[in-house]
Amino acid sequence: MKFDVYCDESRPDLLGSQNPQSQFMVIGGLWLPTSKRESFKAEIHQLRERYRIGGEFKWQKVSPSRVAFYQQLVEWFQGKGDQLRFRCIAVDHSQVDLKLYHEDDQELGFYKFYYQLLHHWILDFNEYSVFVDFKSNRRRDRLHVLCRCLDYSNLSSEVHGVQAVRSEESVLIQLADVLSGMAAYRLNNRLREGSAKARTLEHYEALIGRQLAPTYKGEQKFNVFRINLAGGW
């Protein structure tokens with residue numbers, strides 16, 4: 001089968017911050033069959049039109065006047081079952097040693113974690129196209145190297161490319177942003193009771209019957225991989 005993966009991140013600045021305000025950086029990916037791409041995009045646009053949401057939607061834009069839209073958006077995501085899946089990697093910045101393991105290069109470390117997010121859900125005999133939110137990189141070949149590493153480590157599958165797309169041009173990257181933001185909000189304990197973000201998060205948690213937290217590897221719908229960089233069992 002052919003699959004698309006749409007990715008975004010929350011708090012990538014934590015890898016190099018001298019004054020971190022949160023614990024976890026989160027990188028998330030939204031996985032769907034390529035054949036569903038256009039119909040899913042059309043349904044999200046219909047939802048936006050129903051709630052009169054103009055421009056880009058994202059986690060940082062969740063507000064009291066728009067909370068009903070975001071609640072319906074996460075309901076729509078959940079209602080798609082295994083046709084639309086989400087996986088994120090949560091990285092505790094205090095465990096990251098850039099100097100020892102990443103050539104003292106924050107950008108290199110960031111894309112190594114991107115690799116960990118994607119590699120473990122690439123299955124044999126499938127084809128994948130990966131789309132990531134555009135960001136300025138010091139080295140222009142970062143996405144090419146990421147694609148090559150994914151392709152080399154998954155010899156019976158094919159990764160066609162890792163392409164940067166501006167989030168305002170992709171409602172699927174915007175949805176990945178919302179889901180990544182929800183995970184980061186819960187993991188970083190940023191909950192403000194009664195706020196629009198809290199109401200959106202708690203609405204989703206009520207749908208799934210649990211709080212968002214690190215999951216078992218086999219979780220297929222909303223998988224949260226908290227990577228352990230401290231060693232041990």
# chains A, B, ... in the order shown; residues from 1 in each chain; ligands from 1
>>> residues_around(residues="Ala184 in chain A", least_positions_apart="6", cutoff="8 Å", atoms="only C-alpha atoms", output="PyMOL selection string")
chain A and resi 10+24-26+90
>>> select_by_dssp(residues="range 63-190 of chain A", states="strand (DSSP E)", output="list of chain:residue names")
A:Arg85, A:Phe86, A:Arg87, A:Cys88, A:Ile89, A:Ala90, A:Val91, A:Asp92, A:Glu127, A:Tyr128, A:Ser129, A:Val130, A:Phe131, A:Val132, A:Asp133, A:Glu158, A:Val159, A:His160, A:Gly161, A:Val162, A:Gln163, A:Ala164, A:Val165
>>> write_last_selection(atoms="C-alpha atoms", output="PDB file, in the first residue's frame")
ATOM      1  CA  ARG A  85      -3.347   7.223  12.868  1.00  0.00           C
ATOM      2  CA  PHE A  86      -1.044   9.440  14.909  1.00  0.00           C
ATOM      3  CA  ARG A  87       2.336   8.740  16.447  1.00  0.00           C
ATOM      4  CA  CYS A  88       4.562  11.131  18.375  1.00  0.00           C
ATOM      5  CA  ILE A  89       7.941  10.897  20.033  1.00  0.00           C
ATOM      6  CA  ALA A  90       8.436  12.714  23.343  1.00  0.00           C
ATOM      7  CA  VAL A  91      12.029  13.709  24.113  1.00  0.00           C
ATOM      8  CA  ASP A  92      13.053  14.784  27.619  1.00  0.00           C
ATOM      9  CA  GLU A 127       5.503   2.922  -0.049  1.00  0.00           C
ATOM     10  CA  TYR A 128       5.702   6.148   1.933  1.00  0.00           C
ATOM     11  CA  SER A 129       5.728   9.872   1.186  1.00  0.00           C
ATOM     12  CA  VAL A 130       6.619  12.089   4.148  1.00  0.00           C
ATOM     13  CA  PHE A 131       5.666  15.764   4.426  1.00  0.00           C
ATOM     14  CA  VAL A 132       7.144  17.930   7.186  1.00  0.00           C
ATOM     15  CA  ASP A 133       6.419  21.490   8.223  1.00  0.00           C
ATOM     16  CA  GLU A 158      10.195   2.427  -0.225  1.00  0.00           C
ATOM     17  CA  VAL A 159      10.373   5.982   1.087  1.00  0.00           C
ATOM     18  CA  HIS A 160       9.765   8.193  -1.935  1.00  0.00           C
ATOM     19  CA  GLY A 161      10.748  11.445  -0.273  1.00  0.00           C
ATOM     20  CA  VAL A 162      10.719  13.725   2.739  1.00  0.00           C
ATOM     21  CA  GLN A 163       9.336  17.040   1.540  1.00  0.00           C
ATOM     22  CA  ALA A 164       9.013  20.360   3.353  1.00  0.00           C
ATOM     23  CA  VAL A 165       5.577  21.987   3.059  1.00  0.00           C
TER      24      VAL A 165
END
>>> residues_around(residues="range 205-210 of chain A", least_positions_apart="6", cutoff="12 Å", atoms="only C-alpha atoms", output="ChimeraX atom specification")
/A:71-72,74-79,81,179,182-183,186,198-199,221-222
>>> write_last_selection(atoms="C-alpha atoms", output="PDB file, in the first residue's frame")
ATOM      1  CA  GLN A  71     -13.456  19.558  19.665  1.00  0.00           C
ATOM      2  CA  GLN A  72     -15.197  18.501  16.456  1.00  0.00           C
ATOM      3  CA  VAL A  74     -10.464  15.708  17.254  1.00  0.00           C
ATOM      4  CA  GLU A  75     -13.785  13.843  17.162  1.00  0.00           C
ATOM      5  CA  TRP A  76     -13.429  13.594  13.382  1.00  0.00           C
ATOM      6  CA  PHE A  77      -9.862  12.274  13.776  1.00  0.00           C
ATOM      7  CA  GLN A  78     -10.958   9.659  16.294  1.00  0.00           C
ATOM      8  CA  GLY A  79     -13.902   8.630  14.145  1.00  0.00           C
ATOM      9  CA  GLY A  81     -10.399   4.599  13.138  1.00  0.00           C
ATOM     10  CA  LEU A 179      -2.465  16.504  17.949  1.00  0.00           C
ATOM     11  CA  MET A 182      -2.315  18.175  22.760  1.00  0.00           C
ATOM     12  CA  ALA A 183       0.293  15.544  23.619  1.00  0.00           C
ATOM     13  CA  ARG A 186      -0.487  16.980  28.722  1.00  0.00           C
ATOM     14  CA  ALA A 198      -7.844  22.174  28.439  1.00  0.00           C
ATOM     15  CA  ARG A 199     -11.422  21.781  27.200  1.00  0.00           C
ATOM     16  CA  LYS A 221      -4.472   5.136  17.029  1.00  0.00           C
ATOM     17  CA  PHE A 222      -2.673   7.700  19.224  1.00  0.00           C
TER      18      PHE A 222
END
>>> atom_distance(atom1="CA of Ser180 in chain A", atom2="CA of Gln21 in chain A")
17.3 Å
>>> residues_around(residues="Ser157 in chain A", least_positions_apart="6", cutoff="6 Å", atoms="only C-alpha atoms", output="list in words")
Asp124, Phe125, Asn126 and Glu127 of chain A
>>> atom_distance(atom1="CA of Leu191 in chain A", atom2="CA of Ser63 in chain A")
14.1 Å
>>> atom_distance(atom1="CA of Trp59 in chain A", atom2="CA of Tyr6 in chain A")
15.5 Å
>>> residues_around(residues="Leu123 in chain A", least_positions_apart="6", cutoff="12 Å", atoms="only C-alpha atoms", output="PyMOL selection string")
chain A and resi 1-3+150-151+153-159
>>> closest_residue(among="A:Glu219, A:Leu229, A:Leu187, A:Gly194", to="Val67 in chain A", atoms="only C-alpha atoms")
A:Gly194
>>> select_by_dssp(residues="range 2-230 of chain A", states="alpha helix (DSSP H)", output="PyMOL selection string")
chain A and resi 37-50+67-79+98-101+106-119+142-153+171-187+196-208
>>> closest_atom_pairs(of="range 73-110 of chain A", to="range 144-149 of chain A", cutoff="12 Å", atoms="only C-alpha atoms", output="tab-separated table")
residue	atom	partner	partner_atom	distance
A:Leu108	CA	A:Leu146	CA	10.1
A:Gly109	CA	A:Leu146	CA	11.7
A:Phe110	CA	A:Leu146	CA	10.9
>>> write_last_selection(atoms="N, CA and C atoms", output="mmCIF file, in the first residue's frame")
data_model
loop_
_atom_site.group_PDB
_atom_site.id
_atom_site.type_symbol
_atom_site.label_atom_id
_atom_site.label_comp_id
_atom_site.auth_asym_id
_atom_site.auth_seq_id
_atom_site.Cartn_x
_atom_site.Cartn_y
_atom_site.Cartn_z
ATOM 1 N N LEU A 108 21.152 18.463 14.019
ATOM 2 C CA LEU A 108 21.405 17.045 13.787
ATOM 3 C C LEU A 108 20.615 16.199 14.777
ATOM 4 N N GLY A 109 20.645 16.573 16.052
ATOM 5 C CA GLY A 109 19.890 15.844 17.057
ATOM 6 C C GLY A 109 18.409 15.822 16.752
ATOM 7 N N PHE A 110 17.885 16.951 16.328
ATOM 8 C CA PHE A 110 16.465 17.056 16.005
ATOM 9 C C PHE A 110 16.079 16.048 14.928
#
>>> residues_around(residues="Glu168 in chain A", least_positions_apart="5", cutoff="9 Å", atoms="only C-alpha atoms", output="ChimeraX atom specification")
/A:55-57,173-174
>>> decode(residues="range 138-216 of chain A", atoms="C-alpha atoms", output="PDB file, in the first residue's frame")
ATOM      1  CA  ARG A 138      21.535  25.371   8.518  1.00  0.00           C
ATOM      2  CA  ARG A 139      22.337  22.423   6.232  1.00  0.00           C
ATOM      3  CA  ARG A 140      20.195  22.173   3.121  1.00  0.00           C
ATOM      4  CA  ASP A 141      20.513  18.395   2.801  1.00  0.00           C
ATOM      5  CA  ARG A 142      18.863  17.489   6.132  1.00  0.00           C
ATOM      6  CA  LEU A 143      15.648  16.149   4.575  1.00  0.00           C
ATOM      7  CA  HIS A 144      17.511  14.322   1.822  1.00  0.00           C
ATOM      8  CA  VAL A 145      19.740  12.601   4.400  1.00  0.00           C
ATOM      9  CA  LEU A 146      16.714  11.717   6.558  1.00  0.00           C
ATOM     10  CA  CYS A 147      14.978  10.168   3.534  1.00  0.00           C
ATOM     11  CA  ARG A 148      18.112   8.226   2.571  1.00  0.00           C
ATOM     12  CA  CYS A 149      18.552   6.863   6.111  1.00  0.00           C
ATOM     13  CA  LEU A 150      14.910   5.777   6.249  1.00  0.00           C
ATOM     14  CA  ASP A 151      15.165   4.120   2.858  1.00  0.00           C
ATOM     15  CA  TYR A 152      18.414   2.283   3.692  1.00  0.00           C
ATOM     16  CA  SER A 153      17.084   0.982   7.003  1.00  0.00           C
ATOM     17  CA  ASN A 154      13.826  -0.305   5.486  1.00  0.00           C
ATOM     18  CA  LEU A 155      15.007  -2.287   2.491  1.00  0.00           C
ATOM     19  CA  SER A 156      11.705  -4.024   1.717  1.00  0.00           C
ATOM     20  CA  SER A 157       9.722  -0.777   1.763  1.00  0.00           C
ATOM     21  CA  GLU A 158      10.195   2.427  -0.225  1.00  0.00           C
ATOM     22  CA  VAL A 159      10.373   5.982   1.087  1.00  0.00           C
ATOM     23  CA  HIS A 160       9.765   8.193  -1.935  1.00  0.00           C
ATOM     24  CA  GLY A 161      10.748  11.445  -0.273  1.00  0.00           C
ATOM     25  CA  VAL A 162      10.719  13.725   2.739  1.00  0.00           C
ATOM     26  CA  GLN A 163       9.336  17.040   1.540  1.00  0.00           C
ATOM     27  CA  ALA A 164       9.013  20.360   3.353  1.00  0.00           C
ATOM     28  CA  VAL A 165       5.577  21.987   3.059  1.00  0.00           C
ATOM     29  CA  ARG A 166       4.451  25.250   4.616  1.00  0.00           C
ATOM     30  CA  SER A 167       1.826  24.421   7.214  1.00  0.00           C
ATOM     31  CA  GLU A 168      -0.599  27.081   5.976  1.00  0.00           C
ATOM     32  CA  GLU A 169      -0.803  25.107   2.714  1.00  0.00           C
ATOM     33  CA  SER A 170      -1.667  21.748   4.313  1.00  0.00           C
ATOM     34  CA  VAL A 171      -4.637  21.065   6.587  1.00  0.00           C
ATOM     35  CA  LEU A 172      -3.147  17.636   7.359  1.00  0.00           C
ATOM     36  CA  ILE A 173       0.042  19.194   8.742  1.00  0.00           C
ATOM     37  CA  GLN A 174      -2.195  21.570  10.696  1.00  0.00           C
ATOM     38  CA  LEU A 175      -4.026  18.572  12.186  1.00  0.00           C
ATOM     39  CA  ALA A 176      -0.660  17.009  13.078  1.00  0.00           C
ATOM     40  CA  ASP A 177       0.180  20.288  14.843  1.00  0.00           C
ATOM     41  CA  VAL A 178      -3.032  20.123  16.907  1.00  0.00           C
ATOM     42  CA  LEU A 179      -2.465  16.504  17.949  1.00  0.00           C
ATOM     43  CA  SER A 180       1.215  17.120  18.751  1.00  0.00           C
ATOM     44  CA  GLY A 181       0.218  20.176  20.748  1.00  0.00           C
ATOM     45  CA  MET A 182      -2.315  18.175  22.760  1.00  0.00           C
ATOM     46  CA  ALA A 183       0.293  15.544  23.619  1.00  0.00           C
ATOM     47  CA  ALA A 184       2.886  18.165  24.598  1.00  0.00           C
ATOM     48  CA  TYR A 185       0.299  20.073  26.651  1.00  0.00           C
ATOM     49  CA  ARG A 186      -0.487  16.980  28.722  1.00  0.00           C
ATOM     50  CA  LEU A 187       3.072  15.628  29.001  1.00  0.00           C
ATOM     51  CA  ASN A 188       4.474  19.013  30.017  1.00  0.00           C
ATOM     52  CA  ASN A 189       1.702  19.472  32.585  1.00  0.00           C
ATOM     53  CA  ARG A 190       0.624  22.797  31.065  1.00  0.00           C
ATOM     54  CA  LEU A 191      -3.065  22.254  31.804  1.00  0.00           C
ATOM     55  CA  ARG A 192      -4.955  25.383  32.889  1.00  0.00           C
ATOM     56  CA  GLU A 193      -8.320  24.240  34.165  1.00  0.00           C
ATOM     57  CA  GLY A 194     -11.208  25.655  32.146  1.00  0.00           C
ATOM     58  CA  SER A 195      -9.055  27.062  29.347  1.00  0.00           C
ATOM     59  CA  ALA A 196      -9.946  26.409  25.704  1.00  0.00           C
ATOM     60  CA  LYS A 197      -6.917  24.137  25.309  1.00  0.00           C
ATOM     61  CA  ALA A 198      -7.844  22.174  28.439  1.00  0.00           C
ATOM     62  CA  ARG A 199     -11.422  21.781  27.200  1.00  0.00           C
ATOM     63  CA  THR A 200     -10.196  20.522  23.815  1.00  0.00           C
ATOM     64  CA  LEU A 201      -7.722  18.085  25.381  1.00  0.00           C
ATOM     65  CA  GLU A 202     -10.210  16.797  27.938  1.00  0.00           C
ATOM     66  CA  HIS A 203     -12.839  16.363  25.221  1.00  0.00           C
ATOM     67  CA  TYR A 204     -10.468  14.064  23.335  1.00  0.00           C
ATOM     68  CA  GLU A 205      -9.460  12.204  26.484  1.00  0.00           C
ATOM     69  CA  ALA A 206     -13.148  11.591  27.243  1.00  0.00           C
ATOM     70  CA  LEU A 207     -13.518  10.077  23.757  1.00  0.00           C
ATOM     71  CA  ILE A 208     -10.691   7.594  24.311  1.00  0.00           C
ATOM     72  CA  GLY A 209     -11.410   6.980  27.997  1.00  0.00           C
ATOM     73  CA  ARG A 210      -7.970   7.880  29.335  1.00  0.00           C
ATOM     74  CA  GLN A 211      -5.504  10.710  29.739  1.00  0.00           C
ATOM     75  CA  LEU A 212      -2.830  11.109  27.097  1.00  0.00           C
ATOM     76  CA  ALA A 213       0.368   9.489  28.331  1.00  0.00           C
ATOM     77  CA  PRO A 214       3.188   7.302  26.990  1.00  0.00           C
ATOM     78  CA  THR A 215       1.649   4.199  25.409  1.00  0.00           C
ATOM     79  CA  TYR A 216       2.643   0.641  24.659  1.00  0.00           C
TER      80      TYR A 216
END
